[in-house]
>>> print(open('upload_9.csv').read())   # CSV, C-alpha atoms
chain,number,residue,atom,x,y,z
A,588,MET,CA,-15.2,-24.9,11.1
A,589,ILE,CA,-11.9,-24.2,9.3
A,590,ASN,CA,-13.3,-25.3,6.0
A,591,GLU,CA,-16.3,-23.0,6.5
A,592,LEU,CA,-13.9,-20.1,7.3
A,593,PHE,CA,-12.0,-20.6,4.1
A,594,TYR,CA,-14.9,-21.6,1.8
A,595,MET,CA,-17.6,-19.1,3.1
A,596,ASN,CA,-20.5,-20.6,1.1
A,597,GLY,CA,-18.5,-20.1,-2.1
A,598,TYR,CA,-17.6,-16.5,-1.4
A,599,GLY,CA,-14.2,-17.3,0.2
A,600,LEU,CA,-12.2,-16.5,-2.9
A,601,TYR,CA,-13.7,-13.0,-3.0
A,602,VAL,CA,-13.5,-12.3,0.7
A,603,TRP,CA,-10.0,-13.6,1.2
A,604,SER,CA,-8.6,-11.9,-2.0
A,605,ALA,CA,-10.1,-8.5,-0.8
A,606,PHE,CA,-8.5,-8.9,2.6
A,607,LEU,CA,-5.2,-10.2,1.2
A,608,PHE,CA,-5.0,-7.3,-1.3
A,609,THR,CA,-5.6,-4.8,1.5
A,610,PHE,CA,-2.8,-6.2,3.7
A,611,PHE,CA,-0.5,-6.7,0.8
A,612,SER,CA,-1.0,-2.9,-0.1
A,613,PHE,CA,-0.4,-2.0,3.6
A,614,SER,CA,2.8,-4.0,3.7
A,615,LEU,CA,4.1,-2.6,0.5
A,616,LEU,CA,3.4,1.0,1.7
A,617,TYR,CA,5.0,0.3,5.1
A,618,ILE,CA,8.2,-1.2,3.5
A,619,PHE,CA,8.4,1.7,0.9
A,620,ILE,CA,8.1,4.4,3.6
A,621,LYS,CA,10.5,2.6,5.9
A,622,ILE,CA,13.2,2.3,3.2
A,623,GLN,CA,12.9,6.0,2.4
A,624,TYR,CA,13.2,6.8,6.1
A,625,ILE,CA,16.3,4.6,6.6
A,626,LYS,CA,17.9,6.0,3.5
A,627,GLU,CA,17.4,9.6,4.6
A,628,LYS,CA,18.6,8.8,8.2
A,629,ASN,CA,21.8,7.1,6.9
A,630,LYS,CA,22.4,10.1,4.6
A,631,PHE,CA,22.1,12.4,7.6
A,632,ILE,CA,24.5,10.3,9.7
A,633,ALA,CA,27.0,10.1,6.9
A,634,LYS,CA,26.9,13.9,6.3
A,635,PHE,CA,27.1,14.5,10.0
A,636,GLY,CA,30.3,12.4,10.2
A,637,THR,CA,32.0,14.5,7.5
A,638,LEU,CA,31.4,17.8,9.3
A,639,ASN,CA,34.4,19.5,10.9
A,640,SER,CA,34.3,20.0,14.7
A,641,GLU,CA,33.0,23.6,14.6
A,642,SER,CA,30.1,22.7,12.2
A,643,ALA,CA,29.3,19.6,14.1
A,644,ALA,CA,29.1,21.6,17.3
A,645,ILE,CA,26.7,24.1,15.6
A,646,ALA,CA,24.6,21.2,14.2
A,647,LYS,CA,24.5,19.4,17.6
A,648,SER,CA,23.2,22.5,19.3
A,649,GLN,CA,19.9,22.0,17.5
A,650,ASN,CA,17.6,19.6,19.4
A,651,ILE,CA,16.1,18.1,16.3
A,652,ASN,CA,19.6,17.0,15.1
A,653,LYS,CA,20.3,15.4,18.4
A,654,GLU,CA,16.9,13.6,18.2
A,655,ILE,CA,17.7,12.3,14.7
A,656,LEU,CA,21.1,11.0,15.9
A,657,SER,CA,19.7,9.4,19.1
A,658,ASN,CA,16.3,7.8,19.0
A,659,THR,CA,14.8,7.6,15.6
A,660,SER,CA,15.8,4.1,14.8
A,661,SER,CA,13.0,2.7,16.9
A,662,ILE,CA,10.2,2.5,14.4
B,951,MET,CA,-0.9,29.1,18.3
B,952,PHE,CA,0.9,28.1,15.1
B,953,LYS,CA,4.3,28.1,16.9
B,954,TYR,CA,3.3,24.8,18.4
B,955,PHE,CA,3.4,23.3,14.9
B,956,GLU,CA,7.1,24.1,14.5
B,957,PRO,CA,8.9,20.9,13.2
B,958,ASN,CA,11.6,21.4,15.9
B,959,LYS,CA,9.0,21.3,18.6
B,960,ILE,CA,7.1,18.3,17.4
B,961,PHE,CA,9.9,16.1,16.1
B,962,SER,CA,10.7,14.8,19.7
B,963,ILE,CA,7.0,13.5,19.8
B,964,THR,CA,6.7,12.2,16.2
B,965,SER,CA,10.0,10.3,16.4
B,966,ARG,CA,9.0,8.4,19.5
B,967,ALA,CA,5.3,7.8,18.6
B,968,PRO,CA,5.5,5.2,15.7
B,969,LYS,CA,6.4,2.2,17.9
B,970,TYR,CA,3.4,2.8,20.2
B,971,VAL,CA,1.1,3.5,17.2
B,972,LEU,CA,2.3,0.2,15.6
B,973,LEU,CA,1.5,-1.7,18.8
B,974,PHE,CA,-2.0,-0.2,19.0
B,975,PHE,CA,-2.5,-0.9,15.3
B,976,VAL,CA,-1.6,-4.6,15.7
B,977,ILE,CA,-3.9,-5.0,18.7
B,978,THR,CA,-6.9,-3.2,17.1
B,979,LEU,CA,-6.4,-5.1,13.8
B,980,SER,CA,-6.3,-8.5,15.5
B,981,ILE,CA,-9.6,-7.7,17.3
B,982,GLY,CA,-11.1,-6.3,14.1
B,983,LEU,CA,-10.1,-9.3,12.0
B,984,THR,CA,-11.6,-11.7,14.5
B,985,GLU,CA,-14.8,-9.8,14.6
B,986,ALA,CA,-14.9,-9.3,10.8
B,987,LEU,CA,-14.0,-12.8,9.6
B,988,ILE,CA,-15.3,-15.0,12.4
B,989,LEU,CA,-17.7,-13.4,14.9
B,990,SER,CA,-19.8,-11.2,12.7
B,991,PRO,CA,-22.9,-12.8,11.0
B,992,GLU,CA,-23.3,-13.4,7.3
B,993,ASP,CA,-25.9,-11.2,5.5
B,994,TYR,CA,-29.3,-12.7,4.6
B,995,LEU,CA,-28.9,-11.5,1.0
B,996,GLN,CA,-25.2,-11.2,0.3
B,997,SER,CA,-24.1,-14.1,2.5
B,998,HIS,CA,-20.4,-14.1,3.4
B,999,SER,CA,-19.5,-11.6,0.7
B,1000,VAL,CA,-20.7,-8.9,3.0
B,1001,ARG,CA,-17.4,-9.3,4.9
B,1002,ILE,CA,-15.6,-7.4,2.2
B,1003,MET,CA,-17.4,-4.3,3.6
B,1004,TYR,CA,-15.0,-4.4,6.6
B,1005,VAL,CA,-12.1,-3.5,4.5
B,1006,HIS,CA,-13.9,-1.6,1.7
B,1007,VAL,CA,-15.9,0.9,3.7
B,1008,PRO,CA,-13.1,2.0,6.2
B,1009,ALA,CA,-10.7,2.4,3.3
B,1010,ALA,CA,-13.1,4.6,1.5
B,1011,TRP,CA,-13.9,6.7,4.6
B,1012,ILE,CA,-10.3,7.2,5.5
B,1013,SER,CA,-9.2,8.1,1.9
B,1014,LEU,CA,-12.0,10.8,1.8
B,1015,GLY,CA,-11.1,12.0,5.3
B,1016,ILE,CA,-7.4,12.3,4.4
B,1017,PHE,CA,-8.1,14.2,1.2
B,1018,SER,CA,-10.4,16.7,3.1
B,1019,THR,CA,-7.7,17.1,5.7
B,1020,ILE,CA,-5.0,17.7,3.1
B,1021,THR,CA,-7.2,20.4,1.4
B,1022,LEU,CA,-7.9,22.1,4.7
B,1023,LEU,CA,-4.2,22.2,5.7
B,1024,SER,CA,-3.1,23.3,2.2
B,1025,LEU,CA,-5.6,26.1,2.2
B,1026,ILE,CA,-4.7,27.3,5.7
B,1027,GLY,CA,-1.0,26.8,4.9
B,1028,TYR,CA,-1.3,28.9,1.8
B,1029,ILE,CA,-3.3,31.7,3.4
B,1030,PHE,CA,-1.2,32.0,6.6
B,1031,LYS,CA,2.1,30.9,4.9
B,1032,ILE,CA,2.7,27.9,7.3
B,1033,LYS,CA,5.1,25.6,5.5
B,1034,ASN,CA,4.7,22.9,8.1
B,1035,PHE,CA,1.1,22.4,7.1
B,1036,PHE,CA,2.3,21.5,3.5
B,1037,LEU,CA,4.7,19.1,5.0
B,1038,ILE,CA,1.9,17.4,7.0
B,1039,SER,CA,-0.3,17.3,3.9
B,1040,LYS,CA,2.5,15.8,1.9
B,1041,SER,CA,3.1,13.1,4.5
B,1042,LEU,CA,-0.6,12.2,4.7
B,1043,ALA,CA,-1.0,11.8,0.9
B,1044,PRO,CA,0.7,8.4,0.4
B,1045,SER,CA,-1.6,6.6,2.8
B,1046,GLY,CA,-4.6,8.4,1.4
B,1047,LEU,CA,-3.8,7.2,-2.1
B,1048,VAL,CA,-3.3,3.6,-0.9
B,1049,PHE,CA,-6.6,3.6,0.9
B,1050,ASN,CA,-8.3,5.0,-2.2
B,1051,ILE,CA,-6.8,2.1,-4.3
B,1052,VAL,CA,-7.8,-0.4,-1.7
B,1053,ALA,CA,-11.4,1.0,-1.7
B,1054,LEU,CA,-11.5,0.7,-5.5
B,1055,VAL,CA,-10.0,-2.8,-5.8
B,1056,THR,CA,-12.0,-4.3,-2.9
B,1057,GLY,CA,-15.1,-2.6,-4.3
B,1058,SER,CA,-14.4,-4.3,-7.6
B,1059,ILE,CA,-14.0,-7.7,-5.9
B,1060,TRP,CA,-17.2,-7.2,-4.0
B,1061,GLY,CA,-19.0,-6.1,-7.2
B,1062,LYS,CA,-18.4,-9.5,-9.0
B,1063,PRO,CA,-20.5,-11.7,-6.7
B,1064,THR,CA,-23.0,-8.8,-5.9
B,1065,TRP,CA,-23.5,-7.1,-9.3
B,1066,GLY,CA,-22.1,-9.8,-11.6
B,1067,THR,CA,-19.4,-7.5,-12.9
B,1068,TRP,CA,-15.9,-6.4,-11.8
B,1069,TRP,CA,-16.4,-2.8,-12.9
B,1070,VAL,CA,-19.1,-0.4,-13.8
B,1071,TRP,CA,-18.9,3.3,-14.8
B,1072,ASP,CA,-21.3,4.1,-12.0
B,1073,ALA,CA,-21.4,7.6,-10.4
B,1074,ARG,CA,-19.9,6.4,-7.0
B,1075,VAL,CA,-17.2,4.2,-8.5
B,1076,THR,CA,-16.2,6.8,-11.2
B,1077,SER,CA,-16.0,9.7,-8.7
B,1078,MET,CA,-13.8,7.5,-6.4
B,1079,LEU,CA,-11.6,6.9,-9.4
B,1080,ILE,CA,-11.4,10.6,-10.1
B,1081,LEU,CA,-10.3,11.1,-6.4
B,1082,CYS,CA,-7.5,8.6,-7.0
B,1083,LEU,CA,-6.4,10.7,-10.0
B,1084,PHE,CA,-6.3,13.8,-7.8
B,1085,TYR,CA,-4.2,12.0,-5.2
B,1086,ALA,CA,-1.8,10.9,-8.0
B,1087,MET,CA,-1.6,14.5,-9.4
B,1088,TYR,CA,-1.0,15.8,-5.9
B,1089,LEU,CA,1.9,13.4,-5.3
B,1090,ILE,CA,3.4,13.9,-8.7
B,1091,SER,CA,3.4,17.7,-8.2
B,1092,TRP,CA,5.7,17.2,-5.2
B,1093,ARG,CA,8.1,15.2,-7.5
B,1094,ILE,CA,7.9,17.6,-10.4
B,1095,TYR,CA,8.3,21.0,-8.8
B,1096,GLN,CA,11.5,21.8,-6.9
B,1097,ASN,CA,10.6,25.4,-6.2
B,1098,ASN,CA,8.8,25.5,-2.8
B,1099,GLU,CA,6.5,28.5,-3.6
B,1100,LYS,CA,5.4,26.9,-6.8
B,1101,VAL,CA,4.7,23.5,-5.3
B,1102,TYR,CA,2.7,25.0,-2.5
B,1103,ARG,CA,0.5,26.9,-5.0
B,1104,VAL,CA,0.1,24.0,-7.4
B,1105,THR,CA,-0.8,21.5,-4.6
B,1106,ALA,CA,-3.2,23.9,-3.0
B,1107,ILE,CA,-5.0,24.4,-6.4
B,1108,ILE,CA,-5.1,20.6,-7.0
B,1109,THR,CA,-6.7,20.0,-3.5
B,1110,ILE,CA,-9.2,22.8,-3.9
B,1111,LEU,CA,-10.3,21.3,-7.3
B,1112,GLY,CA,-10.3,17.8,-5.9
B,1113,ILE,CA,-12.4,18.7,-2.8
B,1114,ILE,CA,-15.3,19.6,-5.2
B,1115,ASN,CA,-15.4,15.8,-6.0
B,1116,VAL,CA,-15.8,14.8,-2.3
B,1117,PRO,CA,-19.5,15.8,-1.8
B,1118,ILE,CA,-20.1,14.3,-5.3
B,1119,ILE,CA,-18.7,11.0,-4.0
B,1120,LYS,CA,-20.8,11.3,-0.8
B,1121,TYR,CA,-24.1,12.2,-2.5
B,1122,SER,CA,-23.7,10.4,-5.8
B,1123,VAL,CA,-25.8,7.5,-4.6
B,1124,ASP,CA,-28.7,9.9,-3.8
B,1125,TRP,CA,-28.4,12.2,-6.8
B,1126,TRP,CA,-28.1,9.5,-9.5
B,1127,ASN,CA,-29.5,6.0,-10.1
B,1128,THR,CA,-26.5,3.9,-9.3
B,1129,LEU,CA,-25.7,0.2,-8.8
B,1130,HIS,CA,-23.9,1.2,-5.6
B,1131,GLN,CA,-26.1,0.9,-2.5
B,1132,PRO,CA,-27.0,4.1,-0.5
B,1133,ALA,CA,-25.2,4.8,2.8
B,1134,SER,CA,-26.0,2.3,5.5
B,1135,ILE,CA,-24.5,4.3,8.3
B,1136,ASN,CA,-25.8,7.8,9.0
B,1137,ILE,CA,-24.8,10.1,11.8
B,1138,LEU,CA,-27.9,12.3,11.6
B,1139,SER,CA,-30.6,9.6,10.7
B,1140,GLU,CA,-31.2,6.0,11.5
B,1141,THR,CA,-28.5,3.5,10.6
B,1142,SER,CA,-29.8,0.5,8.6
B,1143,ILE,CA,-27.2,-2.1,9.5
B,1144,HIS,CA,-27.3,-4.3,12.6
B,1145,VAL,CA,-25.1,-3.6,15.6
B,1146,SER,CA,-23.3,-7.0,15.1
B,1147,MET,CA,-21.9,-5.6,11.9
B,1148,ILE,CA,-21.2,-2.1,13.2
B,1149,ILE,CA,-18.8,-3.4,15.9
B,1150,PRO,CA,-16.3,-5.0,13.4
B,1151,LEU,CA,-16.7,-2.0,11.2
B,1152,ILE,CA,-15.7,0.3,14.0
B,1153,TYR,CA,-12.7,-1.9,14.9
B,1154,MET,CA,-11.5,-2.1,11.3
B,1155,THR,CA,-12.0,1.7,10.9
B,1156,ALA,CA,-9.9,2.3,14.0
B,1157,ALA,CA,-7.2,-0.1,12.8
B,1158,PHE,CA,-7.0,1.6,9.4
B,1159,ALA,CA,-6.9,5.0,11.0
B,1160,LEU,CA,-4.0,3.9,13.2
B,1161,PHE,CA,-2.2,2.5,10.2
B,1162,SER,CA,-2.6,5.9,8.4
B,1163,LEU,CA,-1.3,7.6,11.5
B,1164,LEU,CA,1.7,5.3,11.5
B,1165,ILE,CA,2.5,5.9,7.9
B,1166,PHE,CA,2.0,9.6,8.4
B,1167,LEU,CA,4.5,9.7,11.3
B,1168,MET,CA,7.1,7.8,9.4
B,1169,LYS,CA,6.8,9.9,6.3
B,1170,TYR,CA,6.7,13.1,8.3
B,1171,ASN,CA,9.9,12.1,10.1
B,1172,THR,CA,11.5,11.3,6.8
B,1173,GLU,CA,10.6,14.7,5.4
B,1174,LEU,CA,12.0,16.4,8.5
B,1175,ILE,CA,15.3,14.5,8.2
B,1176,LYS,CA,15.4,15.4,4.5
B,1177,ILE,CA,15.1,19.1,5.4
B,1178,LYS,CA,17.8,18.7,8.1
B,1179,ASN,CA,20.1,17.0,5.5
B,1180,LYS,CA,19.8,20.2,3.3
B,1181,GLY,CA,20.6,22.2,6.5
B,1182,LEU,CA,23.8,20.2,7.0
B,1183,ASP,CA,24.9,21.0,3.4
B,1184,ARG,CA,24.8,24.7,4.3
B,1185,LEU,CA,27.0,24.4,7.4
>>> encode(input="upload_9.csv", output="structure tokens")
Amino acid sequence: MINELFYMNGYGLYVWSAFLFTFFSFSLLYIFIKIQYIKEKNKFIAKFGTLNSESAAIAKSQNINKEILSNTSSI
Amino acid sequence: MFKYFEPNKIFSITSRAPKYVLLFFVITLSIGLTEALILSPEDYLQSHSVRIMYVHVPAAWISLGIFSTITLLSLIGYIFKIKNFFLISKSLAPSGLVFNIVALVTGSIWGKPTWGTWWVWDARVTSMLILCLFYAMYLISWRIYQNNEKVYRVTAIITILGIINVPIIKYSVDWWNTLHQPASINILSETSIHVSMIIPLIYMTAAFALFSLLIFLMKYNTELIKIKNKGLDRL
């Protein structure tokens, strides 16, 4: 059963390489986008930390900024 | 109506959605892979090599769907000056390109045992390669042009030119003599593949669609944070 699943009447190499290439591409894309996301979020947090109290209060009044600072780490 | 597409309004949803989408993707993919690799029967002519169809066909469908969506959004965005539509289009493009590449490579792998060659300059294969070039041009434009107005115009032109290729891809197998087989699944006429092969195809298509949604959400959130970063610079 296991041998048949891997060998597939001689087509195993083609079938498995097609599936592996697909999921390798998916993983690469996911990692790439995730790194971009973490980088931008860290940049945002760093910039937010450097704001003076007045500017920080203005920035915090926007819902989207609060969202970025609170829950976006959960992907 | 367009006010509901404001980034500030939808960020609270898009920032929470990815973890649920990822969960649904993993579940759907597990079912899809079990169906595609174990439960579905082999083809009487192509034997087990037919299983490549379960990654090749959904990838091709989704890359075509994403390009059509990008074109529609770019066009509406350009006419009605809705910047967020360009942001959505930009966030959709990376997964569209990857699905396009997957369709080409898995098609090439499938071609070797079926046609006896890895590559052929056949109408369907060549038009898919052209679509890949349009995806690349679209993404490169976002990197090249810093001026928003210019990048909106250039990307809208690229997608409008690229969309001409989409019906060519669809009907290439009917218009020309090609090695590529004609469409087996038709919405308006009779489908020529057995239901035992349609089920895994549906699951894999759903899984791939969920993956593109996941990538879109992550990329869209990244783009929004990038805009907010620029906003903090101005404070």
>>> atom_distance(input="upload_9.csv", atom1="atom CA of B:Ile1026", atom2="atom CA of B:Ala1159")
23.0 Å
>>> interface_residues(input="upload_9.csv", of="chain B", to="chain A", cutoff="6 Å", atoms="all atoms listed in the file", output="list in words")
Asn958, Ser965, Pro968, Lys969, His998, Ser999, Ile1002, Val1052, Thr1056, Thr1172, Asn1179 and Leu1185 of chain B
>>> atom_distance(input="upload_9.csv", atom1="atom CA of B:Trp1060", atom2="atom CA of B:Val1005")
10.6 Å
>>> atom_distance(input="upload_9.csv", atom1="atom CA of B:Leu987", atom2="atom CA of B:Trp1069")
24.7 Å
>>> residues_near_point(input="upload_9.csv", point="(1.6, 14.0, 7.9)", cutoff="8 Å", atoms="all atoms listed in the file", output="list in words")
Leu1037, Ile1038, Ser1039, Lys1040, Ser1041, Leu1042, Ala1043, Leu1163, Phe1166, Leu1167, Lys1169 and Tyr1170 of chain B
>>> write_last_selection(input="upload_9.csv", atoms="C-alpha atoms", output="mmCIF file, in the frame of the given file")
data_model
loop_
_atom_site.group_PDB
_atom_site.id
_atom_site.type_symbol
_atom_site.label_atom_id
_atom_site.label_comp_id
_atom_site.auth_asym_id
_atom_site.auth_seq_id
_atom_site.Cartn_x
_atom_site.Cartn_y
_atom_site.Cartn_z
ATOM 1 C CA LEU B 1037 4.700 19.100 5.000
ATOM 2 C CA ILE B 1038 1.900 17.400 7.000
ATOM 3 C CA SER B 1039 -0.300 17.300 3.900
ATOM 4 C CA LYS B 1040 2.500 15.800 1.900
ATOM 5 C CA SER B 1041 3.100 13.100 4.500
ATOM 6 C CA LEU B 1042 -0.600 12.200 4.700
ATOM 7 C CA ALA B 1043 -1.000 11.800 0.900
ATOM 8 C CA LEU B 1163 -1.300 7.600 11.500
ATOM 9 C CA PHE B 1166 2.000 9.600 8.400
ATOM 10 C CA LEU B 1167 4.500 9.700 11.300
ATOM 11 C CA LYS B 1169 6.800 9.900 6.300
ATOM 12 C CA TYR B 1170 6.700 13.100 8.300
#
